[in-house]
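Engineer: Please read through the structure below; I'll follow up with questions.
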Amino acid sequence: MTKAKASALKAVPEAGEKPAPTQEARPGFKPETWFPAPVWSRRVPDHERIDAHILSVLEELERQGRAITRSNVGGWHSPANLHLGHELAEIRRIIGNAVAGCAAHLSFDFDRFELFFQEMWLNKNGPGDFNKAHVHPNSLLSGAYYAKVPEKSGNIEFYDPVRERVMCTFPVKARTRINSQAMEYKGREGLLLIFPGWLQHSVQPNRSDDFRVSISFNMGFRRKAGR
């Protein structure tokens with residue numbers, strides 16, 4: 001589920017300047033879309049059972065007292081090596097298969113190269129916690145899977161990667177995919193999002209009284225042996 005972020009400017013004439021006449025409505029040329037910033041989303045089947053297991057793994061990791069800080073402001077961020085253990089093997093397999101499908105959509109060369117997990121970690125954001133705008137360096141595809149999402153616990157927000165477009169923000173009647181400079185996805189339990197590691201994003205503050213739990217990951221690629 002997506003929602004375009006409103007960010008229109010109001011055109012104001014200079015003093016003594018007559019407003020430009022309203023242009024006659026004419027059909028425009030349909031544009032070719034180059035340099036896209038793809039985001040894939042899907043709902044994982046049987047996620048309730050998977051989510052319950054993820055929450056039990058989170059509780060055990062919290063008891064061990066292991067946590068790090070990256071883009072998170074507040075909240076709890078596990079070590080990023082959870083892909084190496086067996087505790088989250090099922091969701092790791094689901095994520096890996098989904099990422100392979102996304103890479104195939106990008107015409108990834110599976111004959112000579114292979115994908116691999118670089119990192120995978122758990123996030124827990126309580127009331128007021130959020131994640132600063134950031135990218136995932138050296139990651140081909142990154143993403144998030146949502147295991148617990150209270151209402152108003154903070155959406156993930158993506159930003160236009162073409163920074164030069166901010167030099168001319170023009171007035172529009174409505175925000176669409178072709179003119180937006182930011183957009184957001186509403187988190188839902190069982191939702192899996194996958195996106196390029198270079199796509200800048202942030203997580204809005206948790207405005208609920210409960211905590212939100214997600215798994216984040218980075219996928220890289222390497223040349224196959226003998227290729």
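Chain labels follow the order of the structure tokens: the first chain is A, the next B, and so on; residue numbering restarts at 1 in every chain, and ligands are counted from 1 in their shown order.
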Can you list every residue in range 7-195 of chain A that DSSP puts in alpha helix (DSSP H), as a PyMOL selection string?

Structural biologist: chain A and resi 47-64+89-105

Engineer: Give me a file of those residues, with N, CA, C and O atoms, as a tab-separated table (two decimals), in the first residue's frame.

Structural biologist:
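Produced file out08.tsv, reproduced below:
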```
chain	number	residue	atom	x	y	z
A	47	HIS	N	2.11	-15.70	7.45
A	47	HIS	CA	3.04	-14.84	8.18
A	47	HIS	C	2.78	-14.81	9.68
A	47	HIS	O	3.71	-14.53	10.47
A	48	GLU	N	1.55	-15.11	10.11
A	48	GLU	CA	1.27	-15.06	11.55
A	48	GLU	C	2.17	-16.03	12.32
A	48	GLU	O	2.74	-15.68	13.36
A	49	ARG	N	2.32	-17.24	11.81
A	49	ARG	CA	3.19	-18.24	12.46
A	49	ARG	C	4.65	-17.79	12.40
A	49	ARG	O	5.38	-17.88	13.39
A	50	ILE	N	5.07	-17.28	11.25
A	50	ILE	CA	6.45	-16.82	11.08
A	50	ILE	C	6.73	-15.64	12.00
A	50	ILE	O	7.79	-15.57	12.64
A	51	ASP	N	5.77	-14.71	12.09
A	51	ASP	CA	5.95	-13.53	12.94
A	51	ASP	C	6.11	-13.92	14.40
A	51	ASP	O	6.94	-13.35	15.13
A	52	ALA	N	5.31	-14.87	14.87
A	52	ALA	CA	5.40	-15.31	16.26
A	52	ALA	C	6.78	-15.87	16.56
A	52	ALA	O	7.35	-15.62	17.64
A	53	HIS	N	7.33	-16.62	15.62
A	53	HIS	CA	8.68	-17.17	15.82
A	53	HIS	C	9.72	-16.06	15.85
A	53	HIS	O	10.64	-16.08	16.68
A	54	ILE	N	9.59	-15.08	14.95
A	54	ILE	CA	10.54	-13.96	14.93
A	54	ILE	C	10.53	-13.22	16.25
A	54	ILE	O	11.58	-12.86	16.80
A	55	LEU	N	9.35	-13.00	16.82
A	55	LEU	CA	9.26	-12.29	18.10
A	55	LEU	C	9.92	-13.09	19.22
A	55	LEU	O	10.52	-12.52	20.14
A	56	SER	N	9.83	-14.42	19.16
A	56	SER	CA	10.49	-15.24	20.19
A	56	SER	C	12.01	-15.16	20.06
A	56	SER	O	12.73	-15.12	21.07
A	57	VAL	N	12.50	-15.10	18.81
A	57	VAL	CA	13.95	-14.94	18.59
A	57	VAL	C	14.40	-13.58	19.10
A	57	VAL	O	15.46	-13.46	19.73
A	58	LEU	N	13.60	-12.55	18.86
A	58	LEU	CA	13.92	-11.21	19.35
A	58	LEU	C	14.05	-11.20	20.87
A	58	LEU	O	15.00	-10.61	21.42
A	59	GLU	N	13.11	-11.82	21.55
A	59	GLU	CA	13.16	-11.85	23.02
A	59	GLU	C	14.45	-12.49	23.52
A	59	GLU	O	15.08	-12.01	24.48
A	60	GLU	N	14.88	-13.58	22.88
A	60	GLU	CA	16.10	-14.25	23.30
A	60	GLU	C	17.32	-13.37	23.05
A	60	GLU	O	18.23	-13.29	23.89
A	61	LEU	N	17.37	-12.70	21.92
A	61	LEU	CA	18.50	-11.82	21.62
A	61	LEU	C	18.55	-10.65	22.59
A	61	LEU	O	19.63	-10.22	23.01
A	62	GLU	N	17.38	-10.12	22.96
A	62	GLU	CA	17.35	-9.02	23.93
A	62	GLU	C	17.87	-9.49	25.29
A	62	GLU	O	18.57	-8.74	25.98
A	63	ARG	N	17.53	-10.71	25.67
A	63	ARG	CA	18.02	-11.24	26.95
A	63	ARG	C	19.54	-11.34	26.96
A	63	ARG	O	20.18	-11.18	27.99
A	64	GLN	N	20.11	-11.60	25.79
A	64	GLN	CA	21.57	-11.68	25.68
A	64	GLN	C	22.23	-10.30	25.73
A	64	GLN	O	23.45	-10.20	25.87
A	89	ALA	N	16.03	-19.23	9.81
A	89	ALA	CA	16.28	-19.88	8.52
A	89	ALA	C	15.08	-19.78	7.58
A	89	ALA	O	15.25	-19.60	6.36
A	90	GLU	N	13.85	-19.87	8.11
A	90	GLU	CA	12.68	-19.86	7.23
A	90	GLU	C	12.49	-18.51	6.56
A	90	GLU	O	12.32	-18.43	5.33
A	91	ILE	N	12.51	-17.44	7.34
A	91	ILE	CA	12.32	-16.12	6.73
A	91	ILE	C	13.53	-15.76	5.87
A	91	ILE	O	13.38	-15.06	4.85
A	92	ARG	N	14.71	-16.24	6.22
A	92	ARG	CA	15.89	-16.01	5.37
A	92	ARG	C	15.69	-16.65	4.00
A	92	ARG	O	16.01	-16.05	2.97
A	93	ARG	N	15.15	-17.87	3.97
A	93	ARG	CA	14.89	-18.55	2.70
A	93	ARG	C	13.84	-17.80	1.88
A	93	ARG	O	14.00	-17.62	0.67
A	94	ILE	N	12.78	-17.34	2.54
A	94	ILE	CA	11.72	-16.60	1.86
A	94	ILE	C	12.29	-15.31	1.25
A	94	ILE	O	12.01	-14.97	0.09
A	95	ILE	N	13.09	-14.60	2.03
A	95	ILE	CA	13.70	-13.36	1.55
A	95	ILE	C	14.64	-13.65	0.38
A	95	ILE	O	14.60	-12.97	-0.65
A	96	GLY	N	15.47	-14.68	0.53
A	96	GLY	CA	16.42	-15.01	-0.53
A	96	GLY	C	15.74	-15.34	-1.84
A	96	GLY	O	16.17	-14.89	-2.91
A	97	ASN	N	14.67	-16.12	-1.80
A	97	ASN	CA	13.93	-16.47	-3.02
A	97	ASN	C	13.29	-15.24	-3.65
A	97	ASN	O	13.28	-15.07	-4.88
A	98	ALA	N	12.75	-14.35	-2.80
A	98	ALA	CA	12.11	-13.14	-3.32
A	98	ALA	C	13.13	-12.22	-3.96
A	98	ALA	O	12.88	-11.64	-5.03
A	99	VAL	N	14.28	-12.07	-3.33
A	99	VAL	CA	15.33	-11.21	-3.89
A	99	VAL	C	15.82	-11.77	-5.23
A	99	VAL	O	16.08	-11.01	-6.18
A	100	ALA	N	15.94	-13.09	-5.33
A	100	ALA	CA	16.36	-13.70	-6.60
A	100	ALA	C	15.37	-13.36	-7.70
A	100	ALA	O	15.77	-13.07	-8.85
A	101	GLY	N	14.09	-13.35	-7.39
A	101	GLY	CA	13.08	-12.98	-8.37
A	101	GLY	C	13.21	-11.52	-8.80
A	101	GLY	O	13.05	-11.19	-9.98
A	102	CYS	N	13.50	-10.65	-7.83
A	102	CYS	CA	13.69	-9.23	-8.15
A	102	CYS	C	14.93	-9.05	-9.03
A	102	CYS	O	14.91	-8.26	-9.98
A	103	ALA	N	16.00	-9.75	-8.70
A	103	ALA	CA	17.22	-9.66	-9.51
A	103	ALA	C	16.98	-10.15	-10.93
A	103	ALA	O	17.51	-9.59	-11.90
A	104	ALA	N	16.19	-11.21	-11.07
A	104	ALA	CA	15.85	-11.71	-12.40
A	104	ALA	C	15.09	-10.64	-13.19
A	104	ALA	O	15.31	-10.47	-14.40
A	105	HIS	N	14.23	-9.90	-12.53
A	105	HIS	CA	13.50	-8.81	-13.17
A	105	HIS	C	14.47	-7.74	-13.68
A	105	HIS	O	14.18	-7.07	-14.68
```

Engineer: Counting only C-alpha atoms, what is within 7 Å of range 147-149 of chain A, bar same-chain residues fewer than 5 positions away, as a PDB file with N, CA, C and O atoms, in the first residue's frame?

Structural biologist:
```
ATOM      1  N   ASP A  51       5.771 -14.714  12.088  1.00  0.00           N
ATOM      2  CA  ASP A  51       5.950 -13.531  12.936  1.00  0.00           C
ATOM      3  C   ASP A  51       6.105 -13.917  14.402  1.00  0.00           C
ATOM      4  O   ASP A  51       6.937 -13.349  15.131  1.00  0.00           O
ATOM      5  N   ILE A  54       9.590 -15.081  14.954  1.00  0.00           N
ATOM      6  CA  ILE A  54      10.540 -13.963  14.925  1.00  0.00           C
ATOM      7  C   ILE A  54      10.528 -13.223  16.252  1.00  0.00           C
ATOM      8  O   ILE A  54      11.583 -12.864  16.796  1.00  0.00           O
ATOM      9  N   GLY A 187       3.575   0.136   6.800  1.00  0.00           N
ATOM     10  CA  GLY A 187       3.971  -1.189   7.229  1.00  0.00           C
ATOM     11  C   GLY A 187       2.758  -2.037   7.603  1.00  0.00           C
ATOM     12  O   GLY A 187       1.782  -1.526   8.167  1.00  0.00           O
ATOM     13  N   ARG A 188       2.803  -3.319   7.262  1.00  0.00           N
ATOM     14  CA  ARG A 188       1.771  -4.281   7.659  1.00  0.00           C
ATOM     15  C   ARG A 188       2.471  -5.569   8.033  1.00  0.00           C
ATOM     16  O   ARG A 188       3.502  -5.926   7.447  1.00  0.00           O
ATOM     17  N   GLU A 189       1.937  -6.268   8.997  1.00  0.00           N
ATOM     18  CA  GLU A 189       2.544  -7.538   9.399  1.00  0.00           C
ATOM     19  C   GLU A 189       2.518  -8.514   8.224  1.00  0.00           C
ATOM     20  O   GLU A 189       1.493  -8.679   7.566  1.00  0.00           O
ATOM     21  N   GLY A 190       3.673  -9.115   7.944  1.00  0.00           N
ATOM     22  CA  GLY A 190       3.786 -10.016   6.815  1.00  0.00           C
ATOM     23  C   GLY A 190       4.228  -9.352   5.533  1.00  0.00           C
ATOM     24  O   GLY A 190       4.427 -10.027   4.523  1.00  0.00           O
ATOM     25  N   ARG A 212       7.319  -1.659  17.316  1.00  0.00           N
ATOM     26  CA  ARG A 212       7.268  -2.261  15.990  1.00  0.00           C
ATOM     27  C   ARG A 212       8.512  -3.124  15.800  1.00  0.00           C
ATOM     28  O   ARG A 212       9.604  -2.760  16.239  1.00  0.00           O
ATOM     29  N   VAL A 213       8.357  -4.268  15.131  1.00  0.00           N
ATOM     30  CA  VAL A 213       9.478  -5.189  14.897  1.00  0.00           C
ATOM     31  C   VAL A 213       9.599  -5.472  13.406  1.00  0.00           C
ATOM     32  O   VAL A 213       8.605  -5.775  12.732  1.00  0.00           O
ATOM     33  N   SER A 214      10.812  -5.374  12.897  1.00  0.00           N
ATOM     34  CA  SER A 214      11.070  -5.701  11.491  1.00  0.00           C
ATOM     35  C   SER A 214      12.428  -6.372  11.362  1.00  0.00           C
ATOM     36  O   SER A 214      13.271  -6.279  12.255  1.00  0.00           O
TER      37      SER A 214
END
```

Engineer: Among range 29-168 of chain A, which ones does DSSP assign to strand (DSSP E or B) (computed from the backbone)? Answer as a compact mmCIF listing (two decimals) with N, CA and C atoms, in the first residue's frame.

Structural biologist:
```txt
# COMPACT_ATOMS: atom_id res chain seq x y z
N TRP A 40 9.80 -3.38 -4.70
CA TRP A 40 8.93 -4.55 -4.79
C TRP A 40 8.26 -4.77 -3.44
N SER A 41 6.99 -5.17 -3.45
CA SER A 41 6.29 -5.47 -2.20
C SER A 41 5.45 -6.73 -2.39
N ARG A 42 5.38 -7.54 -1.34
CA ARG A 42 4.54 -8.73 -1.36
C ARG A 42 4.16 -9.07 0.07
N ARG A 43 3.07 -9.78 0.23
CA ARG A 43 2.62 -10.26 1.55
C ARG A 43 3.01 -11.73 1.66
N ILE A 68 23.42 -2.91 18.62
CA ILE A 68 24.31 -1.93 18.00
C ILE A 68 23.48 -0.73 17.56
N ASN A 72 19.40 3.94 13.51
CA ASN A 72 18.33 4.03 14.49
C ASN A 72 18.61 5.11 15.53
N VAL A 73 17.58 5.89 15.85
CA VAL A 73 17.61 6.86 16.94
C VAL A 73 16.67 6.33 18.00
N TRP A 76 16.06 -0.60 19.26
CA TRP A 76 17.00 -1.70 19.49
C TRP A 76 17.34 -2.32 18.14
N HIS A 77 18.63 -2.48 17.86
CA HIS A 77 19.15 -2.97 16.58
C HIS A 77 20.08 -4.13 16.88
N ASN A 81 24.48 -10.09 11.81
CA ASN A 81 24.93 -11.40 11.31
C ASN A 81 23.88 -12.50 11.51
N PHE A 113 27.26 -15.07 -12.06
CA PHE A 113 27.30 -14.49 -10.72
C PHE A 113 26.20 -15.09 -9.85
N GLU A 114 26.37 -14.95 -8.54
CA GLU A 114 25.38 -15.44 -7.59
C GLU A 114 25.13 -14.40 -6.52
N LEU A 115 23.93 -14.44 -5.95
CA LEU A 115 23.58 -13.55 -4.84
C LEU A 115 23.97 -14.19 -3.52
N PHE A 116 24.22 -13.37 -2.52
CA PHE A 116 24.48 -13.90 -1.18
C PHE A 116 24.08 -12.86 -0.15
N PHE A 117 23.71 -13.35 1.05
CA PHE A 117 23.38 -12.46 2.15
C PHE A 117 24.66 -11.81 2.68
N GLN A 118 24.67 -10.49 2.69
CA GLN A 118 25.74 -9.76 3.35
C GLN A 118 25.43 -9.55 4.83
N GLU A 119 24.18 -9.15 5.09
CA GLU A 119 23.77 -8.85 6.46
C GLU A 119 22.27 -9.11 6.63
N MET A 120 21.88 -9.40 7.86
CA MET A 120 20.47 -9.49 8.22
C MET A 120 20.36 -9.18 9.71
N TRP A 121 19.40 -8.35 10.08
CA TRP A 121 19.30 -7.95 11.48
C TRP A 121 17.85 -7.65 11.86
N LEU A 122 17.60 -7.63 13.16
CA LEU A 122 16.28 -7.33 13.72
C LEU A 122 16.25 -5.90 14.24
N ASN A 123 15.11 -5.24 14.03
CA ASN A 123 14.88 -3.88 14.55
C ASN A 123 13.67 -3.88 15.47
N LYS A 124 13.78 -3.15 16.56
CA LYS A 124 12.65 -2.96 17.47
C LYS A 124 12.57 -1.47 17.81
N ASN A 125 11.52 -0.81 17.32
CA ASN A 125 11.33 0.62 17.58
C ASN A 125 10.15 0.81 18.51
N PHE A 130 12.90 6.22 15.84
CA PHE A 130 12.83 6.35 14.38
C PHE A 130 14.20 6.03 13.79
N ASN A 131 14.27 6.03 12.45
CA ASN A 131 15.53 5.79 11.74
C ASN A 131 15.81 6.96 10.80
N LYS A 132 17.01 7.52 10.91
CA LYS A 132 17.41 8.64 10.07
C LYS A 132 17.51 8.21 8.61
N ALA A 133 17.45 9.19 7.70
CA ALA A 133 17.59 8.91 6.27
C ALA A 133 18.96 8.31 6.01
N HIS A 134 19.00 7.23 5.22
CA HIS A 134 20.25 6.55 4.96
C HIS A 134 20.13 5.67 3.72
N LEU A 141 20.64 -5.32 -3.43
CA LEU A 141 19.24 -5.16 -3.05
C LEU A 141 19.13 -5.28 -1.54
N SER A 142 18.32 -4.41 -0.97
CA SER A 142 18.08 -4.40 0.47
C SER A 142 16.58 -4.49 0.70
N GLY A 143 16.19 -4.56 1.97
CA GLY A 143 14.76 -4.61 2.21
C GLY A 143 14.40 -4.75 3.67
N ALA A 144 13.11 -4.90 3.89
CA ALA A 144 12.58 -5.03 5.24
C ALA A 144 11.39 -5.97 5.23
N TYR A 145 11.29 -6.77 6.29
CA TYR A 145 10.13 -7.63 6.51
C TYR A 145 9.52 -7.23 7.85
N TYR A 146 8.19 -7.06 7.90
CA TYR A 146 7.52 -6.56 9.09
C TYR A 146 6.86 -7.69 9.87
N ALA A 147 7.26 -7.85 11.13
CA ALA A 147 6.74 -8.92 11.97
C ALA A 147 5.71 -8.43 12.99
N LYS A 148 5.79 -7.16 13.37
CA LYS A 148 4.82 -6.58 14.30
C LYS A 148 4.68 -5.10 13.97
N ILE A 156 7.79 3.59 6.42
CA ILE A 156 9.08 3.76 5.76
C ILE A 156 8.88 4.75 4.62
N GLU A 157 9.81 5.68 4.48
CA GLU A 157 9.69 6.74 3.49
C GLU A 157 10.89 6.70 2.56
N PHE A 158 10.63 6.74 1.25
CA PHE A 158 11.68 6.73 0.23
C PHE A 158 11.77 8.11 -0.41
N TYR A 159 13.01 8.46 -0.84
CA TYR A 159 13.25 9.79 -1.40
C TYR A 159 13.76 9.69 -2.83
```

Engineer: For Met183 in chain A, which residue out of A:Lys152, A:His201, A:Arg165, A:Arg70 is the nearest one, using only C-alpha atoms?

Structural biologist: A:His201

Engineer: What's the separation between CA of Pro161 in chain A and CA of Thr176 in chain A, in Å to one decimal place?

Structural biologist: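 Interatomic distance, CA of Pro161 in chain A to CA of Thr176 in chain A: 15.9 Å.
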
Engineer: Between CA of Asp209 in chain A and CA of Gly126 in chain A, what is the distance, to one decimal in Å?

Structural biologist: 7.6 Å

Engineer: I'd like to know which of A:Ser153, A:Thr33, A:Thr69, A:Thr169 is closest to Pro127 in chain A, using only C-alpha atoms.

Structural biologist: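 Of A:Ser153, A:Thr33, A:Thr69, A:Thr169, the one nearest Pro127 in chain A is A:Ser153, counting only C-alpha atoms.
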